Amino acid sequence: MKTQELTNIVLGIVTEIAYALSIILSVLLASLILTFKP
Amino acid sequence: MIIKPTGTDIKNIGYYLGKILLGFGLTMFIPIGLGIVLQEFNPVLDFSCTIGIIFFTGFLLTRFCFTGQDLNWMQGMIVVALAWLVAMVLGALPLFLSGHWKSFLDACFESMSGLATTGLTLVQDLDHLSYTHNLWRHLIMFLGGQGIVIVALSFFVKGHSGAFKMYVGEARDEKILPNVVHTSRFIWLVSIVYLVLGTISFGVTGIINGMRPFNAFFHGVCIFMTAFDTGGFAPQSQNILYYHCPLFEIIIIVMMVLGAINFRLHYHIWNGNRKEIVKNIETSVFFFTILITFLITALGLQELKTYSDGRMLFQKGFFQLISGHTGTGFMTIYAPQFNAEWSNLALVGVIIAMSLGGAVCSTTGAIKMLRIGVVFKALKEDIKRIILPERAIVVQKFHHIKEVFVEDKTARSALMITLMYLLLYALGALVGMLCGYPFLSSLFESTSAAANVGLSCGITTPAMPVVLKITYIIQMWAGRLEFMAVFTLIGFFVAVVRGKR
């Protein structure tokens, strides 16, 4: 496997995990806002 | 006029069914290997008997049904529909022989739930089930998520058009590479890469949390297989609640989201087209529907003050929601808590999420994001046509790997499948109500079965009525195959009985 292909796969995996984490962070933020008590 | 199927039709179906059975039988060597290593000889015997039956049937079918002809569309669809039923029965055999299922029907329910990546379970005393049988429960989920036909295509079927017909019959209408066998192998590549990453993550987290290394990695591989393939079985009866570990839950959420992504999208992202994850209609709709359904669920949970702080709302409310939306079915609460502690609005939020599902050509069930996006775009186009002057040219397009115009036939197909799913959810709810369960609980459990999710509000137990078990098996089967293969099989039986030569 060429270095370029391997790099693309690794960056692809990072991109997909970042997408999943962005969902988690958005919902976590929404949870905190919804339960915020001043 | 309905034409009666010929002997060649039946022989061709039998031949390919035999090939799929042989591929399915080979996978049983994995639990056998584990059983031998762990010296669990009774379970090894259960699997050895089953393999004998599978190989005998498979060899008979491939030996006596060979025609040398390629599959046509009807035959391909029937092979797929039958393969799933036969795999359910044969996959249930070693489970039933373990004595942990009350009846053979319960074992068949478990087997179909595994293959269809649903996750509803009827096992008794799961915590004392052998490692060998427990691995099989999770392995059939992994195989079902990949697709039983994909397994056979990867090893046994050469790349010709018949293979594509079976591939489509298994609700994977998107070809990633020009050759369908290469497509199957790419699906395996993605799954194996994430299998390694996921198992290491879960295993290390388990060890840090005090599990013995063997158990940590055994649980790791089992949880990965059912998280990525959006299944929902877990090695312990308490499901994910057993681990009491927020980090474990975060990793599971990541794996569930990755499993809900289209394999075609994986291919483009892994080949350097990383911006696609932002532009693609499926990932955008998925993000949006998660936020909307979470908002509904969270407002429902706030009604009864079930989880008063943000962390608990996220850890309990969001986990069940994303588990439902991705079609996984992992739970960090006990099933009766849905009815006892969650408000009706919160349950409705989860039901909507379950009914939507993940991406097409992924391991999830239900209506799926591409269809939701297409229906929404078509609706927008129709509204524009009414509002704008008659002479205005109205076109809608969406981005799915490339720019695609919303055509009538695309919208019709999306709407048809959506309607079929809604009818399937309603049918199961009706049977549940006829069995005496309340409306919302019946709808919840029915949607969970038909959308191949696996969340349960307590209806699915070994004591539930037989008619409901059979209904859920049919729902899981039809929901996983997205109807066409099932309708073709029904049509085939009608043609056998009423057809004319």
# chains A, B, ... in the order shown; residues from 1 in each chain; ligands from 1
>>> interface_residues(of="chain B", to="chain A", cutoff="6 Å", atoms="only C-alpha atoms", output="list in words")
Val254, Val257, Ile269, Trp270, Asn271, Gly272, Asp309, Gly310 and Phe314 of chain B
>>> residues_around(residues="B:Phe439", least_positions_apart="4", cutoff="9 Å", atoms="only C-alpha atoms", output="ChimeraX atom specification")
/B:429-430,432-433,443-444
>>> residues_around(residues="B:Thr50", least_positions_apart="2", cutoff="12 Å", atoms="only C-alpha atoms", output="PyMOL selection string")
chain B and resi 21-22+24-29+32+43-48+52-57+87+89-97
>>> closest_residue(among="B:Phe214, B:Tyr15, B:Phe405, B:Phe263", to="B:Val360", atoms="only C-alpha atoms")
B:Phe263
>>> select_by_dssp(residues="chain A", states="alpha helix (DSSP H)", output="ChimeraX atom specification")
/A:3-34
>>> write_last_selection(atoms="N, CA and C atoms", output="CSV table (one decimal), in the first residue's frame")
chain,number,residue,atom,x,y,z
A,3,THR,N,2.2,5.1,0.6
A,3,THR,CA,2.1,6.0,1.7
A,3,THR,C,0.9,7.0,1.6
A,4,GLN,N,0.7,7.4,0.4
A,4,GLN,CA,-0.4,8.4,0.2
A,4,GLN,C,-1.8,7.7,0.5
A,5,GLU,N,-1.9,6.5,0.1
A,5,GLU,CA,-3.2,5.7,0.4
A,5,GLU,C,-3.4,5.5,1.9
A,6,LEU,N,-2.2,5.2,2.6
A,6,LEU,CA,-2.3,5.0,4.0
A,6,LEU,C,-2.6,6.3,4.8
A,7,THR,N,-2.0,7.3,4.3
A,7,THR,CA,-2.3,8.7,4.9
A,7,THR,C,-3.7,9.0,4.7
A,8,ASN,N,-4.3,8.8,3.5
A,8,ASN,CA,-5.7,9.1,3.3
A,8,ASN,C,-6.6,8.3,4.2
A,9,ILE,N,-6.3,7.0,4.4
A,9,ILE,CA,-7.1,6.2,5.3
A,9,ILE,C,-7.0,6.7,6.7
A,10,VAL,N,-5.8,7.0,7.2
A,10,VAL,CA,-5.7,7.5,8.6
A,10,VAL,C,-6.4,8.8,8.8
A,11,LEU,N,-6.3,9.7,7.8
A,11,LEU,CA,-7.0,11.0,7.9
A,11,LEU,C,-8.5,10.8,7.8
A,12,GLY,N,-8.9,9.8,7.0
A,12,GLY,CA,-10.3,9.5,6.8
A,12,GLY,C,-10.9,9.1,8.1
A,13,ILE,N,-10.2,8.2,8.8
A,13,ILE,CA,-10.6,7.7,10.1
A,13,ILE,C,-10.7,8.8,11.1
A,14,VAL,N,-9.7,9.7,11.1
A,14,VAL,CA,-9.7,10.9,12.0
A,14,VAL,C,-10.9,11.8,11.7
A,15,THR,N,-11.2,12.0,10.4
A,15,THR,CA,-12.4,12.8,10.0
A,15,THR,C,-13.7,12.2,10.5
A,16,GLU,N,-13.8,10.9,10.4
A,16,GLU,CA,-15.1,10.3,10.8
A,16,GLU,C,-15.2,10.3,12.3
A,17,ILE,N,-14.1,10.1,13.0
A,17,ILE,CA,-14.2,10.2,14.5
A,17,ILE,C,-14.5,11.6,14.9
A,18,ALA,N,-14.0,12.6,14.2
A,18,ALA,CA,-14.2,14.0,14.5
A,18,ALA,C,-15.7,14.3,14.3
A,19,TYR,N,-16.3,13.7,13.3
A,19,TYR,CA,-17.7,13.9,13.0
A,19,TYR,C,-18.6,13.4,14.2
A,20,ALA,N,-18.2,12.2,14.6
A,20,ALA,CA,-18.9,11.5,15.8
A,20,ALA,C,-18.8,12.4,17.0
A,21,LEU,N,-17.6,12.9,17.3
A,21,LEU,CA,-17.3,13.7,18.5
A,21,LEU,C,-18.0,15.0,18.4
A,22,SER,N,-18.2,15.6,17.2
A,22,SER,CA,-18.9,16.8,17.0
A,22,SER,C,-20.4,16.7,17.4
A,23,ILE,N,-20.9,15.5,17.1
A,23,ILE,CA,-22.3,15.2,17.5
A,23,ILE,C,-22.4,15.2,19.0
A,24,ILE,N,-21.4,14.4,19.6
A,24,ILE,CA,-21.4,14.3,21.1
A,24,ILE,C,-21.3,15.6,21.8
A,25,LEU,N,-20.4,16.5,21.3
A,25,LEU,CA,-20.2,17.8,21.9
A,25,LEU,C,-21.4,18.7,21.8
A,26,SER,N,-22.0,18.7,20.6
A,26,SER,CA,-23.2,19.5,20.4
A,26,SER,C,-24.3,19.1,21.3
A,27,VAL,N,-24.5,17.8,21.5
A,27,VAL,CA,-25.6,17.4,22.4
A,27,VAL,C,-25.3,17.6,23.8
A,28,LEU,N,-24.0,17.4,24.2
A,28,LEU,CA,-23.6,17.7,25.6
A,28,LEU,C,-23.8,19.2,25.9
A,29,LEU,N,-23.5,20.1,24.9
A,29,LEU,CA,-23.7,21.5,25.1
A,29,LEU,C,-25.2,21.8,25.3
A,30,ALA,N,-26.0,21.1,24.4
A,30,ALA,CA,-27.5,21.3,24.5
A,30,ALA,C,-28.0,20.8,25.9
A,31,SER,N,-27.4,19.7,26.4
A,31,SER,CA,-27.9,19.2,27.7
A,31,SER,C,-27.6,20.2,28.8
A,32,LEU,N,-26.4,20.8,28.7
A,32,LEU,CA,-26.0,21.7,29.7
A,32,LEU,C,-26.8,23.0,29.7
A,33,ILE,N,-27.2,23.4,28.5
A,33,ILE,CA,-28.0,24.6,28.3
A,33,ILE,C,-29.4,24.3,28.9
A,34,LEU,N,-29.9,23.1,28.5
A,34,LEU,CA,-31.3,22.8,28.9
A,34,LEU,C,-31.5,22.7,30.4
>>> residues_around(residues="B:Pro462", least_positions_apart="5", cutoff="8 Å", atoms="only C-alpha atoms", output="JSON, numbers by chain")
{"B": [102, 106, 122, 123, 124]}
>>> write_last_selection(atoms="C-alpha atoms", output="PDB file, in the first residue's frame")
ATOM      1  CA  LYS B 102     -36.985 -21.609  26.636  1.00  0.00           C
ATOM      2  CA  ASP B 106     -37.080 -18.204  21.335  1.00  0.00           C
ATOM      3  CA  LEU B 122     -35.040 -13.728  24.914  1.00  0.00           C
ATOM      4  CA  VAL B 123     -32.017 -15.394  26.513  1.00  0.00           C
ATOM      5  CA  GLN B 124     -32.337 -16.722  30.068  1.00  0.00           C
TER       6      GLN B 124
END
>>> closest_residue(among="B:Ile200, B:Ala485, B:Leu434, B:Ile383", to="B:Pro465", atoms="only C-alpha atoms")
B:Leu434
>>> atom_distance(atom1="atom CA of B:Ala83", atom2="atom CA of B:His133")
21.7 Å
>>> decode(residues="stretch 205-356 of chain B", atoms="C-alpha atoms", output="JSON list (two decimals), in the first residue's frame")
[["chain", "number", "residue", "atom", "x", "y", "z"],
["B", 205, "THR", "CA", -10.67, 0.86, 28.90],
["B", 206, "GLY", "CA", -11.90, -2.39, 30.46],
["B", 207, "ILE", "CA", -8.48, -3.18, 31.95],
["B", 208, "ILE", "CA", -8.18, 0.37, 33.34],
["B", 209, "ASN", "CA", -11.58, -0.16, 34.97],
["B", 210, "GLY", "CA", -10.47, -3.36, 36.70],
["B", 211, "MET", "CA", -11.54, -6.13, 34.31],
["B", 212, "ARG", "CA", -9.27, -9.14, 33.80],
["B", 213, "PRO", "CA", -7.36, -8.78, 30.48],
["B", 214, "PHE", "CA", -9.06, -11.78, 28.82],
["B", 215, "ASN", "CA", -12.52, -10.58, 29.84],
["B", 216, "ALA", "CA", -11.72, -6.99, 28.86],
["B", 217, "PHE", "CA", -10.76, -8.01, 25.32],
["B", 218, "PHE", "CA", -13.56, -10.60, 25.02],
["B", 219, "HIS", "CA", -16.09, -7.94, 26.01],
["B", 220, "GLY", "CA", -14.22, -5.47, 23.79],
["B", 221, "VAL", "CA", -14.55, -7.56, 20.66],
["B", 222, "CYS", "CA", -18.19, -8.46, 21.43],
["B", 223, "ILE", "CA", -19.19, -4.87, 22.16],
["B", 224, "PHE", "CA", -17.36, -3.60, 19.08],
["B", 225, "MET", "CA", -19.08, -6.12, 16.80],
["B", 226, "THR", "CA", -22.50, -5.11, 18.05],
["B", 227, "ALA", "CA", -21.75, -1.37, 18.29],
["B", 228, "PHE", "CA", -20.28, -0.92, 14.79],
["B", 229, "ASP", "CA", -22.86, -3.22, 13.23],
["B", 230, "THR", "CA", -25.54, -1.31, 15.17],
["B", 231, "GLY", "CA", -26.79, -4.49, 16.81],
["B", 232, "GLY", "CA", -27.23, -4.13, 20.56],
["B", 233, "PHE", "CA", -26.42, -7.51, 22.11],
["B", 234, "ALA", "CA", -24.02, -7.35, 25.06],
["B", 235, "PRO", "CA", -22.22, -10.14, 26.92],
["B", 236, "GLN", "CA", -23.95, -9.34, 30.24],
["B", 237, "SER", "CA", -27.64, -9.17, 31.11],
["B", 238, "GLN", "CA", -27.30, -5.58, 32.32],
["B", 239, "ASN", "CA", -26.18, -4.57, 28.84],
["B", 240, "ILE", "CA", -23.94, -1.45, 28.89],
["B", 241, "LEU", "CA", -25.08, -0.54, 32.41],
["B", 242, "TYR", "CA", -22.79, -3.39, 33.54],
["B", 243, "TYR", "CA", -19.65, -1.33, 32.86],
["B", 244, "HIS", "CA", -20.58, 1.86, 34.78],
["B", 245, "CYS", "CA", -17.96, 3.74, 32.78],
["B", 246, "PRO", "CA", -18.61, 7.08, 30.98],
["B", 247, "LEU", "CA", -15.48, 6.67, 28.79],
["B", 248, "PHE", "CA", -16.71, 3.26, 27.65],
["B", 249, "GLU", "CA", -20.05, 4.85, 26.76],
["B", 250, "ILE", "CA", -18.36, 7.64, 24.76],
["B", 251, "ILE", "CA", -16.36, 5.09, 22.74],
["B", 252, "ILE", "CA", -19.56, 3.12, 22.13],
["B", 253, "ILE", "CA", -21.34, 6.27, 20.89],
["B", 254, "VAL", "CA", -18.47, 6.95, 18.47],
["B", 255, "MET", "CA", -18.61, 3.35, 17.18],
["B", 256, "MET", "CA", -22.40, 3.48, 16.80],
["B", 257, "VAL", "CA", -22.16, 6.72, 14.76],
["B", 258, "LEU", "CA", -19.40, 5.22, 12.58],
["B", 259, "GLY", "CA", -21.58, 2.15, 11.99],
["B", 260, "ALA", "CA", -24.46, 4.38, 10.91],
["B", 261, "ILE", "CA", -22.36, 6.00, 8.15],
["B", 262, "ASN", "CA", -22.82, 4.88, 4.53],
["B", 263, "PHE", "CA", -20.03, 2.50, 3.38],
["B", 264, "ARG", "CA", -19.89, 4.47, 0.14],
["B", 265, "LEU", "CA", -19.16, 7.59, 2.18],
["B", 266, "HIS", "CA", -16.46, 5.68, 4.11],
["B", 267, "TYR", "CA", -14.91, 4.83, 0.72],
["B", 268, "HIS", "CA", -14.80, 8.44, -0.48],
["B", 269, "ILE", "CA", -13.53, 9.79, 2.84],
["B", 270, "TRP", "CA", -10.85, 7.10, 3.01],
["B", 271, "ASN", "CA", -9.79, 8.03, -0.52],
["B", 272, "GLY", "CA", -9.08, 11.66, 0.27],
["B", 273, "ASN", "CA", -12.50, 13.26, -0.32],
["B", 274, "ARG", "CA", -12.84, 14.29, 3.34],
["B", 275, "LYS", "CA", -15.04, 17.37, 2.72],
["B", 276, "GLU", "CA", -17.80, 14.95, 1.72],
["B", 277, "ILE", "CA", -18.62, 14.36, 5.39],
["B", 278, "VAL", "CA", -19.76, 18.00, 5.68],
["B", 279, "LYS", "CA", -21.46, 18.25, 2.29],
["B", 280, "ASN", "CA", -23.26, 14.90, 2.16],
["B", 281, "ILE", "CA", -27.03, 15.02, 2.61],
["B", 282, "GLU", "CA", -27.03, 11.94, 4.88],
["B", 283, "THR", "CA", -24.54, 13.25, 7.44],
["B", 284, "SER", "CA", -26.25, 16.67, 7.47],
["B", 285, "VAL", "CA", -29.73, 15.18, 7.95],
["B", 286, "PHE", "CA", -28.37, 12.77, 10.59],
["B", 287, "PHE", "CA", -26.83, 15.63, 12.57],
["B", 288, "PHE", "CA", -30.05, 17.66, 12.33],
["B", 289, "THR", "CA", -32.43, 14.82, 13.28],
["B", 290, "ILE", "CA", -30.25, 13.84, 16.25],
["B", 291, "LEU", "CA", -30.49, 17.39, 17.60],
["B", 292, "ILE", "CA", -34.25, 17.63, 17.00],
["B", 293, "THR", "CA", -35.09, 14.23, 18.52],
["B", 294, "PHE", "CA", -32.76, 14.89, 21.44],
["B", 295, "LEU", "CA", -34.53, 18.18, 22.07],
["B", 296, "ILE", "CA", -37.92, 16.40, 22.14],
["B", 297, "THR", "CA", -36.56, 13.66, 24.43],
["B", 298, "ALA", "CA", -34.79, 16.13, 26.73],
["B", 299, "LEU", "CA", -37.93, 18.28, 27.07],
["B", 300, "GLY", "CA", -39.88, 15.12, 27.89],
["B", 301, "LEU", "CA", -37.35, 14.11, 30.53],
["B", 302, "GLN", "CA", -37.43, 17.62, 31.97],
["B", 303, "GLU", "CA", -41.22, 17.32, 32.39],
["B", 304, "LEU", "CA", -40.79, 14.67, 35.09],
["B", 305, "LYS", "CA", -37.36, 15.95, 36.22],
["B", 306, "THR", "CA", -35.99, 12.45, 35.52],
["B", 307, "TYR", "CA", -32.41, 13.63, 35.13],
["B", 308, "SER", "CA", -31.92, 16.98, 36.76],
["B", 309, "ASP", "CA", -28.32, 17.79, 35.81],
["B", 310, "GLY", "CA", -26.82, 18.15, 32.33],
["B", 311, "ARG", "CA", -24.35, 15.30, 32.73],
["B", 312, "MET", "CA", -27.04, 12.76, 33.64],
["B", 313, "LEU", "CA", -29.34, 14.06, 30.89],
["B", 314, "PHE", "CA", -26.52, 13.46, 28.42],
["B", 315, "GLN", "CA", -25.35, 10.16, 29.90],
["B", 316, "LYS", "CA", -28.80, 8.57, 30.18],
["B", 317, "GLY", "CA", -31.08, 10.54, 27.83],
["B", 318, "PHE", "CA", -28.68, 10.97, 24.91],
["B", 319, "PHE", "CA", -27.19, 7.49, 25.15],
["B", 320, "GLN", "CA", -30.59, 5.79, 24.75],
["B", 321, "LEU", "CA", -31.50, 8.28, 22.01],
["B", 322, "ILE", "CA", -28.37, 7.83, 19.88],
["B", 323, "SER", "CA", -28.57, 4.10, 20.49],
["B", 324, "GLY", "CA", -32.11, 4.24, 19.05],
["B", 325, "HIS", "CA", -31.28, 6.62, 16.21],
["B", 326, "THR", "CA", -28.35, 4.53, 14.98],
["B", 327, "GLY", "CA", -30.47, 1.39, 15.32],
["B", 328, "THR", "CA", -28.15, -0.17, 17.87],
["B", 329, "GLY", "CA", -30.25, -0.78, 20.98],
["B", 330, "PHE", "CA", -27.62, -0.60, 23.71],
["B", 331, "MET", "CA", -29.10, 0.51, 27.02],
["B", 332, "THR", "CA", -27.70, 2.14, 30.14],
["B", 333, "ILE", "CA", -31.05, 1.95, 31.96],
["B", 334, "TYR", "CA", -33.26, -1.03, 32.80],
["B", 335, "ALA", "CA", -36.10, -1.70, 30.31],
["B", 336, "PRO", "CA", -38.95, -1.01, 32.79],
["B", 337, "GLN", "CA", -37.46, 2.44, 33.52],
["B", 338, "PHE", "CA", -38.72, 3.65, 30.13],
["B", 339, "ASN", "CA", -42.30, 3.28, 31.31],
["B", 340, "ALA", "CA", -41.70, 4.08, 34.96],
["B", 341, "GLU", "CA", -39.43, 7.13, 34.71],
["B", 342, "TRP", "CA", -39.65, 8.53, 31.18],
["B", 343, "SER", "CA", -42.57, 10.76, 30.17],
["B", 344, "ASN", "CA", -44.66, 10.05, 27.07],
["B", 345, "LEU", "CA", -42.96, 12.95, 25.24],
["B", 346, "ALA", "CA", -39.51, 11.47, 25.96],
["B", 347, "LEU", "CA", -40.66, 8.09, 24.63],
["B", 348, "VAL", "CA", -42.07, 9.75, 21.50],
["B", 349, "GLY", "CA", -38.67, 11.41, 20.93],
["B", 350, "VAL", "CA", -36.95, 8.02, 21.05],
["B", 351, "ILE", "CA", -39.63, 6.40, 18.85],
["B", 352, "ILE", "CA", -39.11, 9.09, 16.18],
["B", 353, "ALA", "CA", -35.33, 8.60, 16.38],
["B", 354, "MET", "CA", -35.70, 4.81, 16.07],
["B", 355, "SER", "CA", -38.04, 5.12, 13.11],
["B", 356, "LEU", "CA", -35.53, 7.26, 11.16]]
